[in-house]
$ cat data04.csv   # CSV, C-alpha atoms
chain,number,residue,atom,x,y,z
A,1,MET,CA,30.6,-25.5,6.1
A,2,ALA,CA,30.3,-24.7,2.5
A,3,VAL,CA,28.4,-21.5,2.8
A,4,GLU,CA,30.3,-18.4,1.9
A,5,ARG,CA,30.9,-16.2,4.9
A,6,VAL,CA,28.6,-13.2,5.0
A,7,ARG,CA,28.2,-10.4,7.5
A,8,PRO,CA,28.0,-11.9,10.9
A,9,LEU,CA,25.4,-11.1,13.5
A,10,ALA,CA,26.1,-8.1,15.8
A,11,CYS,CA,27.6,-10.6,18.4
A,12,GLY,CA,30.1,-11.8,15.8
A,13,ARG,CA,28.5,-15.2,15.1
A,14,ASP,CA,27.3,-16.3,11.7
A,15,ALA,CA,23.5,-16.7,11.4
A,16,ALA,CA,23.9,-19.8,9.2
A,17,ASP,CA,26.0,-21.5,11.9
A,18,VAL,CA,23.4,-20.7,14.5
A,19,TRP,CA,20.7,-22.2,12.3
A,20,GLU,CA,22.8,-25.3,11.6
A,21,HIS,CA,23.6,-25.7,15.3
A,22,ALA,CA,19.9,-25.3,16.2
A,23,GLU,CA,19.0,-28.0,13.7
A,24,GLN,CA,21.6,-30.4,15.0
A,25,GLY,CA,20.8,-29.5,18.6
A,26,VAL,CA,24.4,-28.5,19.4
A,27,LEU,CA,23.9,-24.9,20.6
A,28,ASP,CA,26.6,-23.6,22.8
A,29,GLU,CA,26.2,-21.4,25.9
A,30,HIS,CA,26.5,-18.2,23.9
A,31,GLU,CA,24.0,-19.1,21.2
A,32,ARG,CA,21.5,-20.0,23.9
A,33,SER,CA,21.7,-16.8,25.8
A,34,CYS,CA,22.8,-14.1,23.2
A,35,PRO,CA,19.7,-12.0,22.1
A,36,HIS,CA,21.1,-11.8,18.5
A,37,CYS,CA,21.4,-15.5,18.3
A,38,VAL,CA,18.0,-16.1,19.9
A,39,THR,CA,16.5,-13.8,17.2
A,40,ALA,CA,18.2,-15.7,14.5
A,41,ARG,CA,16.9,-19.0,15.8
A,42,ALA,CA,13.4,-17.5,16.0
A,43,ASP,CA,13.6,-16.5,12.3
A,44,ARG,CA,14.4,-20.1,11.5
A,45,ALA,CA,11.5,-21.4,13.5
A,46,ARG,CA,9.1,-18.9,11.9
A,47,LEU,CA,10.2,-19.8,8.4
A,48,GLY,CA,9.9,-23.5,9.2
A,49,GLY,CA,6.3,-23.0,10.4
A,50,LEU,CA,5.4,-20.9,7.4
A,51,VAL,CA,6.8,-23.5,4.9
A,52,ALA,CA,5.1,-26.3,6.7
A,53,ARG,CA,1.8,-24.5,6.7
A,54,MET,CA,2.0,-23.7,3.0
A,55,ALA,CA,3.0,-27.3,2.1
A,56,ALA,CA,0.0,-28.6,4.0
A,57,GLU,CA,-2.4,-26.4,2.1
A,58,PRO,CA,-4.3,-28.2,-0.6
A,59,LEU,CA,-3.1,-27.3,-4.1
A,60,GLU,CA,-5.7,-25.4,-6.0
A,61,PRO,CA,-4.8,-24.3,-9.5
A,62,PRO,CA,-5.8,-20.7,-9.9
A,63,SER,CA,-8.4,-20.3,-12.6
A,64,SER,CA,-7.3,-17.4,-14.5
A,65,VAL,CA,-9.7,-14.8,-16.0
A,66,LEU,CA,-8.8,-16.1,-19.4
A,67,GLU,CA,-9.6,-19.7,-18.5
A,68,GLN,CA,-13.0,-18.7,-17.1
A,69,VAL,CA,-13.9,-16.6,-20.1
A,70,MET,CA,-12.7,-19.2,-22.6
A,71,GLY,CA,-14.8,-21.8,-20.7
A,72,ALA,CA,-17.8,-19.6,-21.0
A,73,VAL,CA,-17.2,-19.0,-24.7
A,74,VAL,CA,-16.9,-22.7,-25.4
A,75,ALA,CA,-20.0,-23.5,-23.3
A,76,ASP,CA,-22.0,-20.7,-24.9
A,77,LEU,CA,-24.5,-22.6,-27.0
A,78,ARG,CA,-26.3,-21.1,-30.0
A,79,PRO,CA,-29.8,-22.3,-30.8
A,80,HIS,CA,-28.6,-24.5,-33.7
A,81,GLU,CA,-26.2,-26.3,-31.4
A,82,LEU,CA,-28.9,-27.7,-29.2
A,83,LEU,CA,-30.5,-31.1,-29.6
A,84,ARG,CA,-34.0,-31.6,-28.3
A,85,ILE,CA,-34.3,-34.4,-25.7
A,86,GLY,CA,-37.7,-33.7,-24.3
A,87,PRO,CA,-40.3,-31.0,-23.6
A,88,ASP,CA,-38.4,-27.9,-22.6
A,89,ALA,CA,-35.2,-29.9,-22.4
A,90,TRP,CA,-32.1,-29.7,-24.7
A,91,LEU,CA,-28.7,-31.2,-24.9
A,92,GLY,CA,-25.7,-29.3,-26.2
A,93,ARG,CA,-24.5,-30.8,-29.4
A,94,PRO,CA,-20.7,-30.5,-28.6
A,95,ALA,CA,-21.3,-32.3,-25.3
A,96,ALA,CA,-23.2,-35.1,-26.9
A,97,GLU,CA,-20.7,-35.5,-29.7
A,98,SER,CA,-17.8,-35.7,-27.3
A,99,ALA,CA,-19.7,-38.3,-25.2
A,100,LEU,CA,-20.2,-40.5,-28.3
A,101,ARG,CA,-16.5,-40.0,-29.2
A,102,HIS,CA,-15.6,-41.1,-25.7
A,103,VAL,CA,-17.7,-44.2,-26.1
A,104,VAL,CA,-16.0,-45.2,-29.3
A,105,ASP,CA,-12.6,-44.4,-28.0
A,106,SER,CA,-13.2,-46.8,-25.1
A,107,MET,CA,-13.6,-49.7,-27.6
A,108,GLY,CA,-10.6,-51.8,-28.3
A,109,GLY,CA,-8.9,-51.3,-31.7
A,110,LEU,CA,-10.6,-48.0,-32.5
A,111,ARG,CA,-9.9,-44.4,-32.2
A,112,ALA,CA,-12.8,-41.9,-32.7
A,113,ARG,CA,-12.1,-39.0,-34.9
A,114,ARG,CA,-14.9,-36.7,-35.9
A,115,CYS,CA,-18.5,-37.0,-34.8
A,116,ARG,CA,-21.5,-35.1,-36.0
A,117,ILE,CA,-25.0,-35.4,-34.7
A,118,GLU,CA,-27.8,-34.0,-36.7
A,119,GLN,CA,-31.4,-33.8,-35.6
A,120,SER,CA,-33.9,-33.8,-38.4
A,121,GLY,CA,-36.1,-30.8,-38.2
A,122,ALA,CA,-38.8,-31.8,-40.7
A,123,THR,CA,-39.7,-35.4,-40.3
A,124,PRO,CA,-41.1,-36.1,-36.8
A,125,THR,CA,-40.5,-39.9,-36.4
A,126,ALA,CA,-39.7,-41.7,-39.6
A,127,ALA,CA,-41.1,-45.2,-39.6
A,128,PRO,CA,-38.4,-47.8,-39.2
A,129,GLY,CA,-37.1,-49.1,-42.5
A,130,THR,CA,-38.0,-46.0,-44.4
A,131,ALA,CA,-35.0,-44.0,-43.1
A,132,ALA,CA,-32.8,-42.6,-45.8
A,133,PRO,CA,-29.6,-44.4,-46.2
A,134,GLY,CA,-26.3,-42.7,-45.3
A,135,THR,CA,-24.9,-40.2,-47.7
A,136,ALA,CA,-22.6,-41.8,-50.2
A,137,VAL,CA,-19.2,-40.8,-48.8
A,138,PRO,CA,-16.3,-42.3,-50.8
A,139,GLY,CA,-14.3,-44.7,-48.9
A,140,THR,CA,-15.3,-47.5,-46.6
A,141,THR,CA,-18.6,-46.0,-45.6
A,142,VAL,CA,-21.2,-48.2,-44.1
A,143,PRO,CA,-24.6,-46.9,-45.0
A,144,GLY,CA,-26.7,-46.3,-41.8
A,145,THR,CA,-29.4,-48.6,-41.0
A,146,ALA,CA,-32.7,-47.6,-39.4
A,147,VAL,CA,-33.0,-48.4,-35.7
A,148,PRO,CA,-36.3,-50.0,-34.8
A,149,GLY,CA,-38.2,-49.1,-31.7
A,150,THR,CA,-37.9,-45.4,-31.8
A,151,ALA,CA,-41.4,-44.6,-32.9
A,152,ASP,CA,-43.0,-44.7,-29.4
A,153,ARG,CA,-41.1,-41.6,-28.3
A,154,ASP,CA,-42.2,-38.1,-27.4
A,155,PRO,CA,-43.1,-36.7,-30.8
A,156,ALA,CA,-41.2,-33.5,-29.9
A,157,VAL,CA,-38.0,-35.4,-29.7
A,158,ARG,CA,-36.8,-35.9,-33.3
A,159,PRO,CA,-34.5,-38.8,-34.1
A,160,VAL,CA,-30.9,-38.0,-34.9
A,161,ARG,CA,-28.4,-39.1,-37.5
A,162,VAL,CA,-24.9,-39.7,-36.2
A,163,ARG,CA,-21.9,-39.5,-38.5
A,164,MET,CA,-18.7,-40.9,-36.9
A,165,SER,CA,-15.4,-41.2,-38.5
A,166,VAL,CA,-12.9,-43.6,-36.9
A,167,ALA,CA,-9.4,-45.0,-37.3
A,168,ALA,CA,-9.2,-48.7,-36.8
A,169,ARG,CA,-6.3,-50.9,-35.8
A,170,PHE,CA,-4.7,-52.8,-38.7
A,171,GLY,CA,-6.1,-56.3,-38.9
A,172,GLU,CA,-9.5,-55.5,-37.4
A,173,ASP,CA,-12.4,-56.9,-39.4
A,174,LEU,CA,-14.0,-53.7,-40.6
A,175,THR,CA,-17.5,-55.2,-40.9
A,176,SER,CA,-17.6,-56.4,-37.3
A,177,VAL,CA,-16.0,-53.1,-36.2
A,178,THR,CA,-18.7,-51.1,-37.7
A,179,THR,CA,-21.4,-53.4,-36.3
A,180,ARG,CA,-19.9,-52.9,-32.8
A,181,VAL,CA,-19.6,-49.1,-33.3
A,182,ARG,CA,-23.2,-48.9,-34.4
A,183,GLN,CA,-24.4,-50.9,-31.4
A,184,MET,CA,-22.4,-48.8,-29.0
A,185,ILE,CA,-23.6,-45.5,-30.4
A,186,ILE,CA,-27.2,-46.6,-30.5
A,187,SER,CA,-27.0,-47.9,-26.9
A,188,ALA,CA,-25.2,-44.9,-25.5
A,189,GLY,CA,-27.3,-42.4,-27.5
A,190,GLU,CA,-30.6,-43.9,-26.4
A,191,ARG,CA,-29.7,-44.8,-22.8
A,192,THR,CA,-27.5,-42.0,-21.6
A,193,LEU,CA,-28.2,-39.2,-24.0
A,194,GLY,CA,-31.9,-39.8,-24.5
A,195,LEU,CA,-31.7,-39.3,-28.2
A,196,PRO,CA,-33.5,-41.8,-30.5
A,197,ILE,CA,-30.9,-42.7,-33.1
A,198,GLU,CA,-32.2,-43.1,-36.6
A,199,VAL,CA,-29.1,-43.5,-38.7
A,200,VAL,CA,-25.5,-44.2,-37.9
A,201,ASP,CA,-23.0,-43.5,-40.6
A,202,ILE,CA,-19.5,-44.8,-39.9
A,203,LEU,CA,-16.5,-43.8,-42.0
A,204,VAL,CA,-13.3,-45.7,-41.4
A,205,GLU,CA,-11.0,-43.0,-42.3
A,206,ASP,CA,-7.6,-44.5,-41.5
A,207,LEU,CA,-5.9,-47.6,-40.2
A,208,TRP,CA,-3.1,-47.7,-37.6
A,209,GLU,CA,-0.7,-50.3,-36.5
A,210,GLU,CA,0.2,-51.1,-32.9
A,211,PRO,CA,3.9,-50.2,-32.4
A,212,ALA,CA,5.9,-53.4,-32.0
B,8,MET,CA,-58.2,-3.8,5.3
B,9,SER,CA,-54.8,-3.3,3.8
B,10,THR,CA,-53.4,-5.1,0.8
B,11,VAL,CA,-50.0,-6.7,0.8
B,12,ARG,CA,-48.4,-7.5,-2.5
B,13,LEU,CA,-45.4,-9.7,-2.7
B,14,HIS,CA,-43.1,-9.5,-5.6
B,15,VAL,CA,-40.1,-11.8,-5.8
B,16,SER,CA,-37.2,-10.6,-7.9
B,17,ASP,CA,-35.7,-12.5,-10.8
B,18,LEU,CA,-32.5,-12.9,-8.9
B,19,ALA,CA,-34.1,-14.3,-5.8
B,20,VAL,CA,-36.0,-16.9,-7.9
B,21,ALA,CA,-32.8,-17.7,-9.8
B,22,ARG,CA,-31.0,-18.4,-6.6
B,23,VAL,CA,-33.7,-20.7,-5.3
B,24,ALA,CA,-33.7,-22.6,-8.6
B,25,ALA,CA,-29.9,-22.8,-8.8
B,26,ARG,CA,-29.7,-24.2,-5.3
B,27,ARG,CA,-32.2,-26.9,-6.1
B,28,ALA,CA,-30.8,-27.8,-9.5
B,29,ARG,CA,-27.4,-28.4,-8.1
B,30,ALA,CA,-28.8,-30.9,-5.6
B,31,VAL,CA,-30.2,-33.2,-8.3
B,32,PRO,CA,-28.2,-36.4,-8.4
B,33,GLY,CA,-26.1,-36.5,-11.6
B,34,VAL,CA,-25.8,-32.7,-11.9
B,35,THR,CA,-22.1,-31.8,-11.4
B,36,THR,CA,-22.3,-28.1,-12.1
B,37,LEU,CA,-24.3,-25.3,-13.4
B,38,VAL,CA,-22.9,-23.7,-16.5
B,39,GLY,CA,-23.1,-19.9,-16.8
B,40,ASP,CA,-23.2,-18.3,-20.2
B,41,LEU,CA,-20.6,-15.7,-21.3
B,42,GLN,CA,-22.6,-12.8,-20.0
B,43,GLN,CA,-23.0,-14.3,-16.5
B,44,THR,CA,-19.3,-15.3,-16.4
B,45,LEU,CA,-18.2,-11.8,-17.2
B,46,LEU,CA,-20.6,-10.3,-14.7
B,47,GLY,CA,-19.4,-12.8,-12.2
B,48,LEU,CA,-15.8,-11.8,-12.8
B,49,ALA,CA,-16.7,-8.1,-12.5
B,50,ALA,CA,-18.7,-8.8,-9.3
B,51,GLY,CA,-15.6,-10.4,-7.8
B,52,TRP,CA,-13.9,-7.0,-7.9
B,53,LEU,CA,-16.8,-4.9,-6.6
B,54,PRO,CA,-17.3,-4.5,-2.9
B,55,ARG,CA,-20.5,-6.4,-2.3
B,56,ASP,CA,-22.0,-8.7,0.2
B,57,PRO,CA,-20.4,-12.1,-0.3
B,58,VAL,CA,-22.9,-14.6,-1.5
B,59,PRO,CA,-22.6,-18.2,-0.1
B,60,ALA,CA,-21.7,-20.7,-2.8
B,61,GLU,CA,-24.9,-22.6,-2.5
B,62,LEU,CA,-26.9,-19.5,-3.5
B,63,ASP,CA,-24.7,-18.7,-6.5
B,64,ALA,CA,-27.2,-18.2,-9.4
B,65,ARG,CA,-24.8,-18.7,-12.2
B,66,GLY,CA,-26.3,-21.0,-14.8
B,67,VAL,CA,-29.8,-19.9,-14.1
B,68,VAL,CA,-31.8,-17.1,-15.8
B,69,ALA,CA,-35.1,-16.2,-14.3
B,70,ARG,CA,-37.8,-13.9,-15.5
B,71,VAL,CA,-40.8,-13.2,-13.3
B,72,HIS,CA,-43.8,-12.1,-15.2
B,73,GLY,CA,-46.1,-9.3,-13.9
B,74,GLY,CA,-45.5,-7.4,-10.6
B,75,ALA,CA,-43.2,-4.4,-10.3
B,76,GLY,CA,-41.0,-5.4,-13.2
B,77,ALA,CA,-43.9,-5.7,-15.6
B,78,HIS,CA,-42.0,-7.3,-18.5
B,79,GLY,CA,-45.2,-8.5,-20.1
B,80,GLY,CA,-43.9,-11.5,-22.0
B,81,ALA,CA,-46.1,-13.0,-24.7
B,82,GLY,CA,-49.0,-14.8,-23.2
B,83,ALA,CA,-47.4,-14.9,-19.7
B,84,GLN,CA,-49.5,-14.1,-16.7
B,85,ASP,CA,-48.8,-12.7,-13.3
B,86,GLY,CA,-47.5,-15.3,-10.9
B,87,GLU,CA,-45.5,-17.1,-13.6
B,88,VAL,CA,-41.8,-17.3,-14.0
B,89,ASP,CA,-39.7,-18.5,-16.9
B,90,LEU,CA,-36.5,-20.2,-15.9
B,91,ARG,CA,-33.6,-21.4,-18.0
B,92,VAL,CA,-31.2,-23.8,-16.3
B,93,SER,CA,-27.9,-24.9,-17.9
B,94,VAL,CA,-26.4,-27.9,-16.2
B,95,GLY,CA,-23.3,-30.1,-16.6
B,96,VAL,CA,-23.9,-33.8,-15.9
B,97,ARG,CA,-21.8,-36.8,-15.1
B,98,PHE,CA,-21.3,-39.2,-18.1
B,99,GLY,CA,-23.7,-42.1,-17.9
B,100,THR,CA,-26.5,-40.2,-16.4
B,101,PRO,CA,-29.6,-40.6,-18.6
B,102,CYS,CA,-29.9,-37.1,-19.9
B,103,ALA,CA,-33.6,-37.0,-20.8
B,104,GLU,CA,-34.6,-38.4,-17.4
B,105,LEU,CA,-32.3,-36.0,-15.6
B,106,ALA,CA,-33.6,-33.0,-17.5
B,107,ALA,CA,-37.2,-34.0,-16.6
B,108,ARG,CA,-36.2,-34.4,-13.0
B,109,VAL,CA,-34.5,-31.0,-12.8
B,110,GLN,CA,-37.6,-29.4,-14.3
B,111,GLN,CA,-39.9,-31.1,-11.8
B,112,GLU,CA,-37.7,-30.5,-8.7
B,113,VAL,CA,-36.9,-26.9,-9.6
B,114,ALA,CA,-40.6,-26.1,-10.4
B,115,THR,CA,-41.7,-27.7,-7.1
B,116,GLU,CA,-39.1,-25.8,-5.1
B,117,VAL,CA,-39.8,-22.4,-6.7
B,118,ALA,CA,-43.6,-22.9,-6.1
B,119,ALA,CA,-43.0,-23.9,-2.5
B,120,VAL,CA,-40.7,-20.9,-1.7
B,121,THR,CA,-42.1,-18.1,-3.8
B,122,GLY,CA,-45.6,-19.3,-4.8
B,123,LEU,CA,-44.8,-18.7,-8.5
B,124,THR,CA,-45.7,-21.2,-11.2
B,125,ALA,CA,-42.4,-22.0,-13.0
B,126,ARG,CA,-41.8,-23.1,-16.5
B,127,VAL,CA,-38.3,-24.6,-16.5
B,128,ARG,CA,-36.3,-25.0,-19.6
B,129,VAL,CA,-33.3,-27.3,-19.1
B,130,THR,CA,-30.2,-27.4,-21.3
B,131,ILE,CA,-27.5,-29.9,-20.7
B,132,ALA,CA,-24.4,-28.0,-21.8
B,133,HIS,CA,-21.7,-30.2,-20.6
B,134,ILE,CA,-21.1,-33.9,-20.0
B,135,ASP,CA,-18.2,-34.8,-17.6
B,136,LEU,CA,-16.3,-37.7,-19.2
B,137,PRO,CA,-14.3,-40.1,-17.1
B,138,HIS,CA,-10.6,-39.9,-17.7

$ encode --input "data04.csv" --output "structure tokens"
Amino acid sequence: MAVERVRPLACGRDAADVWEHAEQGVLDEHERSCPHCVTARADRARLGGLVARMAAEPLEPPSSVLEQVMGAVVADLRPHELLRIGPDAWLGRPAAESALRHVVDSMGGLRARRCRIEQSGATPTAAPGTAAPGTAVPGTTVPGTAVPGTADRDPAVRPVRVRMSVAARFGEDLTSVTTRVRQMIISAGERTLGLPIEVVDILVEDLWEEPA
Amino acid sequence: MSTVRLHVSDLAVARVAARRARAVPGVTTLVGDLQQTLLGLAAGWLPRDPVPAELDARGVVARVHGGAGAHGGAGAQDGEVDLRVSVGVRFGTPCAELAARVQQEVATEVAAVTGLTARVRVTIAHIDLPH
């Protein structure tokens, strides 16, 4: 036995030996009857039970005070961070933006970077075709195109402009990429977010190469 | 003949609304603001009657107009309650439809339980994205 000898039990036996014998089922006559050895064996049984019970408990990461407060700070929405999606109904802008980023991320050959959703405050529902083109951002910006079919909405729900910057895989046809992104954003925005999308600006910010 | 006046507190209405809002399909959680979270943390340390999880009012702010409180909001009348509900939803749930459903279900429930007419404002504060 590799364990260093420590103070033995009052009867002269070593508790570690008693535990080991109990485990192997080779207790001798003394160990079965001696009160000190019986106590030592009871300790082992109690510890085993405790460990088994704790191991069986489902793991629940404790949410610290800091986590809870930080979550609330992040979720605390100021009025300008709300997008109107219906009468008395709003959608948090950060939530909507991360949803759109997620949609783009799930497309092959693309990584979403920044996303910005702006809801026009002044113009109620601009007629299709008259929407202002995207701001002239240097680089490979595709000017947004007006999305038809958004005029029959609740007039309180203003159409939005989405600005998304992406990184594309090297070799992707950028024109078709932007068409796909535009289609995905319009579809996700209108169907799941409930936001009529007026303009989509896509900025291909960077290219990346698949590691060989 | 005696008169009986019933006044329902803000907190009671908020609990009713929170319980109903949580039950709407697509709603994953109610999102409390900073103030509610801090108060909730503080309440965890104070000796108080434990509140069952289904009656947790975090994420709902209610204000009952008229009655004992007599807040006297602009244009609000007795028997009306203003409710603000902040929810988190599962990704893929149509947000506009969900907000309308939360408004309708919460208003119906509050009317049935308390007799108050509720105006429900819904904010979708969080969208749960699949991993």

$ residues_around --input "data04.csv" --residues "His30 of chain A" --least-positions-apart "3" --cutoff "12 Å" --atoms "all atoms listed in the file" --output "compact mmCIF listing (two decimals) with C-alpha atoms, in the coordinates of the input"
# COMPACT_ATOMS: atom_id res chain seq x y z
CA CYS A 11 27.60 -10.60 18.40
CA GLY A 12 30.10 -11.80 15.80
CA ARG A 13 28.50 -15.20 15.10
CA VAL A 18 23.40 -20.70 14.50
CA HIS A 21 23.60 -25.70 15.30
CA VAL A 26 24.40 -28.50 19.40
CA LEU A 27 23.90 -24.90 20.60
CA SER A 33 21.70 -16.80 25.80
CA CYS A 34 22.80 -14.10 23.20
CA PRO A 35 19.70 -12.00 22.10
CA HIS A 36 21.10 -11.80 18.50
CA CYS A 37 21.40 -15.50 18.30
CA VAL A 38 18.00 -16.10 19.90

$ interface_residues --input "data04.csv" --of "chain B" --to "chain A" --cutoff "8 Å" --atoms "only C-alpha atoms" --output "MDAnalysis selection string"
chainID B and resid 38:41 44:45 48 98:104 106:107 127:134 136

$ closest_residue --input "data04.csv" --among "B:Gln43, B:Ser93, B:Val23, B:Val88" --to "Glu116 of chain B" --atoms "only C-alpha atoms"
B:Val23

$ atom_distance --input "data04.csv" --atom1 "atom CA of Arg26 of chain B" --atom2 "atom CA of Leu66 of chain A"
26.5 Å

$ atom_distance --input "data04.csv" --atom1 "atom CA of Arg101 of chain A" --atom2 "atom CA of Leu37 of chain B"
22.9 Å

$ atom_distance --input "data04.csv" --atom1 "atom CA of Val96 of chain B" --atom2 "atom CA of Gly122 of chain B"
28.4 Å

$ residues_around --input "data04.csv" --residues "Val160 of chain A" --least-positions-apart "6" --cutoff "10 Å" --atoms "only C-alpha atoms" --output "JSON, numbers by chain"
{"A": [83, 84, 116, 117, 118, 119, 120, 121, 125, 189, 195, 196, 197, 198, 199, 200]}

$ residues_around --input "data04.csv" --residues "Thr178 of chain A" --least-positions-apart "4" --cutoff "10 Å" --atoms "all atoms listed in the file" --output "PDB file with C-alpha atoms, in the frame of the given file"
ATOM      1  CA  THR A 141     -18.600 -46.000 -45.600  1.00  0.00           C
ATOM      2  CA  VAL A 142     -21.200 -48.200 -44.100  1.00  0.00           C
ATOM      3  CA  VAL A 166     -12.900 -43.600 -36.900  1.00  0.00           C
ATOM      4  CA  ALA A 168      -9.200 -48.700 -36.800  1.00  0.00           C
ATOM      5  CA  ASP A 173     -12.400 -56.900 -39.400  1.00  0.00           C
ATOM      6  CA  LEU A 174     -14.000 -53.700 -40.600  1.00  0.00           C
ATOM      7  CA  ARG A 182     -23.200 -48.900 -34.400  1.00  0.00           C
ATOM      8  CA  GLN A 183     -24.400 -50.900 -31.400  1.00  0.00           C
ATOM      9  CA  MET A 184     -22.400 -48.800 -29.000  1.00  0.00           C
ATOM     10  CA  VAL A 200     -25.500 -44.200 -37.900  1.00  0.00           C
ATOM     11  CA  ASP A 201     -23.000 -43.500 -40.600  1.00  0.00           C
ATOM     12  CA  ILE A 202     -19.500 -44.800 -39.900  1.00  0.00           C
ATOM     13  CA  LEU A 203     -16.500 -43.800 -42.000  1.00  0.00           C
ATOM     14  CA  VAL A 204     -13.300 -45.700 -41.400  1.00  0.00           C
TER      15      VAL A 204
END

$ closest_residue --input "data04.csv" --among "B:Val120, B:Val113, B:Val71, B:Val94" --to "Ala24 of chain B" --atoms "all atoms listed in the file"
B:Val113

$ residues_near_point --input "data04.csv" --point "(21.9, -19.2, 15.5)" --cutoff "6 Å" --atoms "only C-alpha atoms" --output "list in words"
Ala15, Asp17, Val18, Trp19, Cys37, Ala40 and Arg41 of chain A

$ closest_residue --input "data04.csv" --among "B:Val117, B:Arg97, B:Ala49, B:Leu90" --to "His138 of chain B" --atoms "all atoms listed in the file"
B:Arg97

$ closest_residue --input "data04.csv" --among "B:Thr36, B:Ser16, B:Gln42, B:Thr124" --to "Gly86 of chain B" --atoms "only C-alpha atoms"
B:Thr124

$ residues_around --input "data04.csv" --residues "Leu207 of chain A" --least-positions-apart "6" --cutoff "7 Å" --atoms "only C-alpha atoms" --output "PyMOL selection string"
chain A and resi 167-170
